[in-house]
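The block underneath contains the structure these notes are about, expressed in structure tokens.
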Amino acid sequence: MKNNLRIAIDGGAATGKSTVSKKVAKKLNLTYVNTGQMYRLIAFFALTNNLGKNEDKLYQRIKNMNVSFDNDGFITSDLLSFKKEDLETKIVSSTASLIATYKKIREVSVEVQKKIGRTKGVLLEGRDIGTIIMPDADFKFFLVVDPKTAAIRRVDQHKKNGEEVSFDDVLKDIINRNKQDTTRKIGPLLKSSDSIIIDTSNKNIEKIVLEILRVIENG
Ligand code: C5P
């Protein structure tokens, strides 16, 4: 049965957002979209073409890009080809956070995401979903985590992808990225007044998923 709900899940780096969102979407038969993938893709393109600090040139190259998302949270685009791991490196994470501060880049991304967000039966995950992309979502969640737990999770993910990283560097990156994402002028990471906070620090994924499903069931 197709579900008509529209759900927003926001939160900082390594809060467990993607894993949780994917599972909740699957349980509720919703289309899952990981909006961070779009900023990561543009960041990877910028790095590949040496355009990271040039907002205007980057905008000219990406403004007509086509993207599609599969239900596992992967993005594909006519801009360039890449592997899933290419979008998960430390340098792509920090560049994504940088280019996500660029006004024109955000406009392109927000337009694509708002269009998806207007359809029924979707779960969108990101930083500005509850505030900008789907302010009228049926349910909004805001995930938080203690930075050290976040860093442990991210180090594991980098290791799985074959990228050797130090705990201290990853922790520093997460703190810097959350600061940049929270303090930027346009579309900052912000809890909307009607979203429910879920602290993921001492909970396994299944427990977080259940907590979210329970809120939705109780309407
Ligand atoms: O969620 P993820 O860590 O993959 O996002 C990468 C970066 O993309 C974030 O640090 C943030 O700067 C940016 N982003 C955003 N708005 C979103 C999703 C991600 O600015 N809706």
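Within each chain, counting starts at residue 1; across the structure tokens, chains are named A, B, ... in the order shown, with ligands numbered 1 upward in that order.
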query: Could you list, as a PyMOL selection string, all the residues within 9 Å of ligand 1, counting only C-alpha atoms and all ligand atoms?
result: chain A and resi 10-14+17-18+34-40+43+87-88+92-101+106+109-110+113+124-129+132-133+174+177-178+180-182+186-189
- request: Compile the contact shell of Asp194 (chain A) as a ChimeraX atom specification: residues with an atom at most 8 Å away, counting only C-alpha atoms, same-chain residues fewer than 2 positions apart removed.
  value: /A:140,192,196
Write out as a compact mmCIF listing (two decimals) with N, CA, C and O atoms, in the first residue's frame each polymer residue whose atoms come within 12 Å of Val108 (chain A), counting only C-alpha atoms; drop sequence neighbours fewer than 2 positions from it.
```
# COMPACT_ATOMS: atom_id res chain seq x y z
N MET A 38 23.12 15.57 -2.87
CA MET A 38 23.17 16.56 -3.94
C MET A 38 24.33 17.54 -3.71
O MET A 38 25.06 17.88 -4.64
N TYR A 39 24.49 17.98 -2.46
CA TYR A 39 25.61 18.88 -2.14
C TYR A 39 26.94 18.13 -2.27
O TYR A 39 27.94 18.69 -2.70
N ILE A 42 27.78 17.87 -6.03
CA ILE A 42 28.28 19.15 -6.56
C ILE A 42 29.70 19.40 -6.03
O ILE A 42 30.58 19.88 -6.75
N LEU A 58 31.16 27.61 -10.86
CA LEU A 58 30.53 26.34 -10.45
C LEU A 58 29.05 26.38 -10.78
O LEU A 58 28.50 25.43 -11.35
N TYR A 59 28.42 27.49 -10.47
CA TYR A 59 26.98 27.64 -10.76
C TYR A 59 26.71 27.47 -12.26
O TYR A 59 25.79 26.75 -12.65
N GLN A 60 27.52 28.12 -13.10
CA GLN A 60 27.31 28.02 -14.55
C GLN A 60 27.37 26.56 -15.02
O GLN A 60 26.65 26.16 -15.91
N ARG A 61 28.28 25.80 -14.39
CA ARG A 61 28.46 24.40 -14.83
C ARG A 61 27.36 23.47 -14.31
O ARG A 61 27.09 22.45 -14.92
N ILE A 62 26.76 23.83 -13.16
CA ILE A 62 25.80 22.86 -12.58
C ILE A 62 24.32 23.26 -12.74
O ILE A 62 23.43 22.49 -12.45
N LYS A 63 24.10 24.51 -13.21
CA LYS A 63 22.71 25.03 -13.13
C LYS A 63 21.70 24.18 -13.90
O LYS A 63 20.54 24.13 -13.51
N ASN A 64 22.13 23.51 -14.97
CA ASN A 64 21.17 22.70 -15.73
C ASN A 64 21.31 21.21 -15.45
O ASN A 64 20.84 20.38 -16.23
N MET A 65 21.96 20.88 -14.37
CA MET A 65 22.19 19.47 -14.08
C MET A 65 20.87 18.72 -13.85
O MET A 65 19.90 19.28 -13.35
N ASN A 66 20.88 17.46 -14.23
CA ASN A 66 19.73 16.59 -13.92
C ASN A 66 20.19 15.59 -12.87
O ASN A 66 21.28 15.05 -12.99
N VAL A 67 19.37 15.38 -11.87
CA VAL A 67 19.73 14.37 -10.87
C VAL A 67 18.56 13.43 -10.66
O VAL A 67 17.41 13.80 -10.87
N ILE A 99 30.36 24.54 -0.22
CA ILE A 99 29.55 24.97 -1.39
C ILE A 99 28.06 25.10 -1.01
O ILE A 99 27.32 25.80 -1.69
N ALA A 100 27.67 24.46 0.10
CA ALA A 100 26.27 24.60 0.57
C ALA A 100 26.02 25.99 1.14
O ALA A 100 24.87 26.35 1.41
N TYR A 102 26.96 28.63 -0.67
CA TYR A 102 26.86 29.47 -1.86
C TYR A 102 25.38 29.64 -2.25
O TYR A 102 24.69 28.65 -2.49
N LYS A 103 24.97 30.90 -2.35
CA LYS A 103 23.55 31.22 -2.58
C LYS A 103 22.99 30.54 -3.83
O LYS A 103 21.95 29.90 -3.80
N LYS A 104 23.71 30.69 -4.95
CA LYS A 104 23.18 30.18 -6.22
C LYS A 104 23.15 28.65 -6.24
O LYS A 104 22.27 28.04 -6.84
N ILE A 105 24.12 28.04 -5.60
CA ILE A 105 24.15 26.57 -5.54
C ILE A 105 22.96 26.08 -4.73
O ILE A 105 22.29 25.13 -5.09
N ARG A 106 22.69 26.78 -3.63
CA ARG A 106 21.54 26.39 -2.81
C ARG A 106 20.24 26.55 -3.58
O ARG A 106 19.34 25.74 -3.49
N VAL A 110 17.73 23.61 -3.83
CA VAL A 110 16.44 23.78 -3.15
C VAL A 110 15.28 23.60 -4.13
O VAL A 110 14.27 22.98 -3.81
N GLU A 111 15.45 24.12 -5.35
CA GLU A 111 14.37 24.00 -6.34
C GLU A 111 14.08 22.53 -6.65
O GLU A 111 12.92 22.10 -6.64
N VAL A 112 15.14 21.77 -6.88
CA VAL A 112 14.97 20.33 -7.17
C VAL A 112 14.29 19.64 -5.99
O VAL A 112 13.34 18.87 -6.13
N GLN A 113 14.77 19.95 -4.79
CA GLN A 113 14.28 19.24 -3.59
C GLN A 113 12.85 19.64 -3.23
O GLN A 113 12.05 18.80 -2.80
N LYS A 114 12.51 20.92 -3.43
CA LYS A 114 11.13 21.36 -3.14
C LYS A 114 10.15 20.65 -4.05
O LYS A 114 9.05 20.29 -3.64
N LYS A 115 10.57 20.48 -5.31
CA LYS A 115 9.70 19.81 -6.28
C LYS A 115 9.42 18.37 -5.81
O LYS A 115 8.28 17.92 -5.79
```
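Closest approach to Asp70 (chain A) from the set A:Val165, A:Tyr32, A:Gln157, A:Ala151 is made by A:Tyr32, with distances taken over only C-alpha atoms.
Considering the residues A:Ile205, A:Leu123, A:Ile175, A:Ile212 and counting only C-alpha atoms, Pro147 (chain A) has its shortest atom-to-atom contact with A:Ile175.
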message: Just want the 12 Å neighbourhood of Lys83 (chain A), counted on only C-alpha atoms, with same-chain residues fewer than 2 positions away dropped. Output as a list in words.
response: Arg40, Leu41, Phe44, Phe74, Ile75, Thr76, Ser77, Leu80, Ser81, Glu85, Asp86, Leu87, Glu88, Thr89 and Asn161 of chain A
Selection from above, all heavy atoms, as a CSV table (one decimal), in the first residue's frame, can you write it?
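So the final result, stored in again12.csv, reads:
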```
chain,number,residue,atom,x,y,z
A,40,ARG,N,26.9,16.9,-1.9
A,40,ARG,CA,28.2,16.0,-2.0
A,40,ARG,C,28.5,15.9,-3.5
A,40,ARG,O,29.7,15.9,-3.9
A,40,ARG,CB,28.0,14.7,-1.4
A,40,ARG,CG,28.0,14.8,0.2
A,40,ARG,CD,27.7,13.4,0.8
A,40,ARG,NE,27.8,13.6,2.3
A,40,ARG,CZ,28.9,13.5,3.0
A,40,ARG,NH1,30.0,13.2,2.5
A,40,ARG,NH2,28.8,13.7,4.3
A,41,LEU,N,27.5,15.6,-4.3
A,41,LEU,CA,27.8,15.4,-5.8
A,41,LEU,C,28.4,16.7,-6.4
A,41,LEU,O,29.4,16.7,-7.1
A,41,LEU,CB,26.5,15.1,-6.5
A,41,LEU,CG,26.4,15.2,-8.0
A,41,LEU,CD1,27.4,14.2,-8.6
A,41,LEU,CD2,25.0,15.0,-8.5
A,44,PHE,N,31.9,17.1,-5.2
A,44,PHE,CA,32.8,16.2,-5.9
A,44,PHE,C,33.1,16.7,-7.3
A,44,PHE,O,34.3,16.7,-7.8
A,44,PHE,CB,32.2,14.8,-6.0
A,44,PHE,CG,33.1,13.8,-6.6
A,44,PHE,CD1,34.3,13.4,-6.0
A,44,PHE,CD2,32.7,13.1,-7.8
A,44,PHE,CE1,35.2,12.5,-6.6
A,44,PHE,CE2,33.5,12.2,-8.3
A,44,PHE,CZ,34.8,11.9,-7.8
A,74,PHE,N,21.0,6.7,-3.2
A,74,PHE,CA,22.1,7.1,-4.2
A,74,PHE,C,21.6,8.1,-5.1
A,74,PHE,O,20.5,8.0,-5.6
A,74,PHE,CB,22.6,5.9,-5.0
A,74,PHE,CG,23.3,4.8,-4.1
A,74,PHE,CD1,23.0,3.5,-4.4
A,74,PHE,CD2,24.2,5.2,-3.2
A,74,PHE,CE1,23.6,2.5,-3.6
A,74,PHE,CE2,24.8,4.2,-2.4
A,74,PHE,CZ,24.5,2.9,-2.6
A,75,ILE,N,22.5,9.0,-5.5
A,75,ILE,CA,22.2,10.0,-6.5
A,75,ILE,C,22.9,9.6,-7.8
A,75,ILE,O,24.0,9.1,-7.7
A,75,ILE,CB,22.6,11.4,-5.9
A,75,ILE,CG1,22.0,12.5,-6.8
A,75,ILE,CG2,24.1,11.5,-5.8
A,75,ILE,CD1,22.2,13.9,-6.2
A,76,THR,N,22.3,9.9,-8.9
A,76,THR,CA,23.0,9.8,-10.2
A,76,THR,C,22.7,11.1,-10.9
A,76,THR,O,21.7,11.8,-10.6
A,76,THR,CB,22.5,8.6,-11.1
A,76,THR,OG1,21.1,8.6,-11.0
A,76,THR,CG2,23.1,7.3,-10.6
A,77,SER,N,23.6,11.5,-11.8
A,77,SER,CA,23.5,12.7,-12.5
A,77,SER,C,24.2,12.7,-13.8
A,77,SER,O,25.1,11.9,-14.0
A,77,SER,CB,24.2,13.8,-11.6
A,77,SER,OG,24.4,15.0,-12.4
A,80,LEU,N,28.5,14.1,-14.0
A,80,LEU,CA,29.7,13.2,-14.1
A,80,LEU,C,29.4,11.8,-13.5
A,80,LEU,O,28.3,11.7,-12.8
A,80,LEU,CB,30.9,13.8,-13.4
A,80,LEU,CG,31.0,13.8,-11.8
A,80,LEU,CD1,32.4,14.3,-11.4
A,80,LEU,CD2,29.9,14.5,-11.1
A,81,SER,N,30.2,10.9,-13.7
A,81,SER,CA,30.0,9.6,-13.1
A,81,SER,C,30.9,9.4,-11.9
A,81,SER,O,32.0,10.0,-11.9
A,81,SER,CB,30.1,8.5,-14.1
A,81,SER,OG,31.4,8.6,-14.7
A,85,GLU,N,31.4,5.7,-2.9
A,85,GLU,CA,32.5,6.0,-1.9
A,85,GLU,C,33.1,7.4,-2.3
A,85,GLU,O,33.6,8.1,-1.4
A,85,GLU,CB,33.6,5.0,-1.9
A,85,GLU,CG,33.2,3.6,-1.4
A,85,GLU,CD,32.4,2.8,-2.4
A,85,GLU,OE1,32.4,3.1,-3.6
A,85,GLU,OE2,31.7,1.9,-1.9
A,86,ASP,N,33.0,7.8,-3.6
A,86,ASP,CA,33.6,9.1,-3.9
A,86,ASP,C,33.0,10.2,-3.2
A,86,ASP,O,33.6,11.3,-3.0
A,86,ASP,CB,33.5,9.3,-5.5
A,86,ASP,CG,34.3,8.3,-6.3
A,86,ASP,OD1,35.3,7.9,-5.8
A,86,ASP,OD2,33.9,8.1,-7.4
A,87,LEU,N,31.7,10.0,-2.9
A,87,LEU,CA,30.9,11.1,-2.2
A,87,LEU,C,31.1,11.1,-0.7
A,87,LEU,O,30.5,11.9,0.0
A,87,LEU,CB,29.5,11.1,-2.6
A,87,LEU,CG,29.1,11.1,-4.1
A,87,LEU,CD1,27.6,11.3,-4.3
A,87,LEU,CD2,29.9,12.2,-4.8
A,88,GLU,N,31.8,10.1,-0.2
A,88,GLU,CA,31.8,9.9,1.3
A,88,GLU,C,33.2,10.3,1.9
A,88,GLU,O,33.4,10.1,3.1
A,88,GLU,CB,31.5,8.5,1.7
A,88,GLU,CG,30.0,8.2,1.4
A,88,GLU,CD,29.6,6.7,1.7
A,88,GLU,OE1,30.5,5.9,1.9
A,88,GLU,OE2,28.4,6.5,1.7
A,89,THR,N,34.1,10.8,1.1
A,89,THR,CA,35.5,11.1,1.7
A,89,THR,C,35.4,12.4,2.6
A,89,THR,O,34.4,13.2,2.4
A,89,THR,CB,36.5,11.3,0.5
A,89,THR,OG1,36.0,12.4,-0.2
A,89,THR,CG2,36.6,10.1,-0.3
A,161,ASN,N,35.3,2.3,3.9
A,161,ASN,CA,35.5,2.7,2.5
A,161,ASN,C,37.0,2.7,2.2
A,161,ASN,O,37.4,3.2,1.1
A,161,ASN,CB,35.0,4.1,2.3
A,161,ASN,CG,33.5,4.2,2.3
A,161,ASN,OD1,32.8,3.2,2.2
A,161,ASN,ND2,32.9,5.4,2.5
```
- request: List every residue of region 64-173 of chain A that DSSP, applied to the backbone of this structure, places in strand (DSSP E), and write the result as a list in words.
  value: Val67, Ser68, Phe69, Ile75, Thr76, Ser77, Val122, Leu123, Leu124, Glu125, Gly126, Phe139, Lys140, Phe141, Phe142, Leu143 and Val144 of chain A
Put those residues in a file: N, CA, C and O atoms, as a PDB file, in the first residue's frame.
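Output (result35.pdb):
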```
ATOM      1  N   VAL A  67      19.374  15.380 -11.871  1.00  0.00           N
ATOM      2  CA  VAL A  67      19.732  14.371 -10.869  1.00  0.00           C
ATOM      3  C   VAL A  67      18.555  13.429 -10.660  1.00  0.00           C
ATOM      4  O   VAL A  67      17.406  13.801 -10.872  1.00  0.00           O
ATOM      5  N   SER A  68      18.866  12.209 -10.280  1.00  0.00           N
ATOM      6  CA  SER A  68      17.792  11.333  -9.820  1.00  0.00           C
ATOM      7  C   SER A  68      18.306  10.555  -8.610  1.00  0.00           C
ATOM      8  O   SER A  68      19.511  10.347  -8.455  1.00  0.00           O
ATOM      9  N   PHE A  69      17.374  10.175  -7.760  1.00  0.00           N
ATOM     10  CA  PHE A  69      17.720   9.477  -6.520  1.00  0.00           C
ATOM     11  C   PHE A  69      17.107   8.094  -6.575  1.00  0.00           C
ATOM     12  O   PHE A  69      15.937   7.956  -6.931  1.00  0.00           O
ATOM     13  N   ILE A  75      22.505   8.965  -5.488  1.00  0.00           N
ATOM     14  CA  ILE A  75      22.157   9.972  -6.469  1.00  0.00           C
ATOM     15  C   ILE A  75      22.874   9.622  -7.769  1.00  0.00           C
ATOM     16  O   ILE A  75      23.993   9.092  -7.737  1.00  0.00           O
ATOM     17  N   THR A  76      22.253   9.892  -8.889  1.00  0.00           N
ATOM     18  CA  THR A  76      22.975   9.817 -10.168  1.00  0.00           C
ATOM     19  C   THR A  76      22.711  11.116 -10.904  1.00  0.00           C
ATOM     20  O   THR A  76      21.713  11.796 -10.636  1.00  0.00           O
ATOM     21  N   SER A  77      23.628  11.458 -11.789  1.00  0.00           N
ATOM     22  CA  SER A  77      23.512  12.733 -12.475  1.00  0.00           C
ATOM     23  C   SER A  77      24.171  12.673 -13.834  1.00  0.00           C
ATOM     24  O   SER A  77      25.090  11.871 -14.043  1.00  0.00           O
ATOM     25  N   VAL A 122       6.706  10.782   0.642  1.00  0.00           N
ATOM     26  CA  VAL A 122       8.158  10.986   0.604  1.00  0.00           C
ATOM     27  C   VAL A 122       8.751  11.186   1.999  1.00  0.00           C
ATOM     28  O   VAL A 122       8.088  11.703   2.904  1.00  0.00           O
ATOM     29  N   LEU A 123       9.982  10.779   2.140  1.00  0.00           N
ATOM     30  CA  LEU A 123      10.755  11.093   3.343  1.00  0.00           C
ATOM     31  C   LEU A 123      12.025  11.770   2.854  1.00  0.00           C
ATOM     32  O   LEU A 123      12.817  11.175   2.125  1.00  0.00           O
ATOM     33  N   LEU A 124      12.195  13.035   3.213  1.00  0.00           N
ATOM     34  CA  LEU A 124      13.395  13.765   2.828  1.00  0.00           C
ATOM     35  C   LEU A 124      14.261  13.978   4.052  1.00  0.00           C
ATOM     36  O   LEU A 124      13.753  14.293   5.134  1.00  0.00           O
ATOM     37  N   GLU A 125      15.555  13.843   3.847  1.00  0.00           N
ATOM     38  CA  GLU A 125      16.514  13.948   4.941  1.00  0.00           C
ATOM     39  C   GLU A 125      17.548  15.014   4.608  1.00  0.00           C
ATOM     40  O   GLU A 125      17.997  15.087   3.459  1.00  0.00           O
ATOM     41  N   GLY A 126      17.910  15.873   5.580  1.00  0.00           N
ATOM     42  CA  GLY A 126      18.920  16.899   5.296  1.00  0.00           C
ATOM     43  C   GLY A 126      19.175  17.841   6.449  1.00  0.00           C
ATOM     44  O   GLY A 126      19.331  17.416   7.606  1.00  0.00           O
ATOM     45  N   PHE A 139       5.213  15.079   9.527  1.00  0.00           N
ATOM     46  CA  PHE A 139       6.013  14.840  10.731  1.00  0.00           C
ATOM     47  C   PHE A 139       7.419  15.367  10.484  1.00  0.00           C
ATOM     48  O   PHE A 139       7.958  15.200   9.397  1.00  0.00           O
ATOM     49  N   LYS A 140       7.982  15.972  11.543  1.00  0.00           N
ATOM     50  CA  LYS A 140       9.339  16.505  11.426  1.00  0.00           C
ATOM     51  C   LYS A 140      10.171  15.998  12.606  1.00  0.00           C
ATOM     52  O   LYS A 140       9.721  16.090  13.764  1.00  0.00           O
ATOM     53  N   PHE A 141      11.346  15.511  12.298  1.00  0.00           N
ATOM     54  CA  PHE A 141      12.247  15.032  13.356  1.00  0.00           C
ATOM     55  C   PHE A 141      13.573  15.760  13.225  1.00  0.00           C
ATOM     56  O   PHE A 141      14.021  16.090  12.120  1.00  0.00           O
ATOM     57  N   PHE A 142      14.202  15.989  14.384  1.00  0.00           N
ATOM     58  CA  PHE A 142      15.497  16.663  14.405  1.00  0.00           C
ATOM     59  C   PHE A 142      16.455  15.803  15.230  1.00  0.00           C
ATOM     60  O   PHE A 142      16.285  15.656  16.442  1.00  0.00           O
ATOM     61  N   LEU A 143      17.417  15.192  14.549  1.00  0.00           N
ATOM     62  CA  LEU A 143      18.322  14.251  15.223  1.00  0.00           C
ATOM     63  C   LEU A 143      19.566  14.968  15.759  1.00  0.00           C
ATOM     64  O   LEU A 143      20.154  15.806  15.058  1.00  0.00           O
ATOM     65  N   VAL A 144      19.931  14.633  16.984  1.00  0.00           N
ATOM     66  CA  VAL A 144      21.146  15.212  17.570  1.00  0.00           C
ATOM     67  C   VAL A 144      22.002  14.069  18.116  1.00  0.00           C
ATOM     68  O   VAL A 144      21.513  12.962  18.365  1.00  0.00           O
TER      69      VAL A 144
END
```
message: To test your reading of the structure, identify every residue in region 28-136 of chain A that backbone DSSP assigns to helix (DSSP H, G or I), and report it as number ranges by chain.
response: A: 36-48, 55-62, 84-87, 90-99, 103-117, 129-133
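Restricting the calculation to only C-alpha atoms, the smallest distance between Gly219 (chain A) and any of A:Asp56, A:Leu5, A:Asn49, A:Val20 is found for A:Leu5.
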Near-Leu28 (chain A) list (10 Å; only C-alpha atoms; drop same-chain fewer than 5 positions) as a VMD selection string: chain A and resid 1 to 5 23 121 to 123 213 216
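Relative to CA of Leu171 (chain A), CA of Ala150 (chain A) is found at 7.7 Å.
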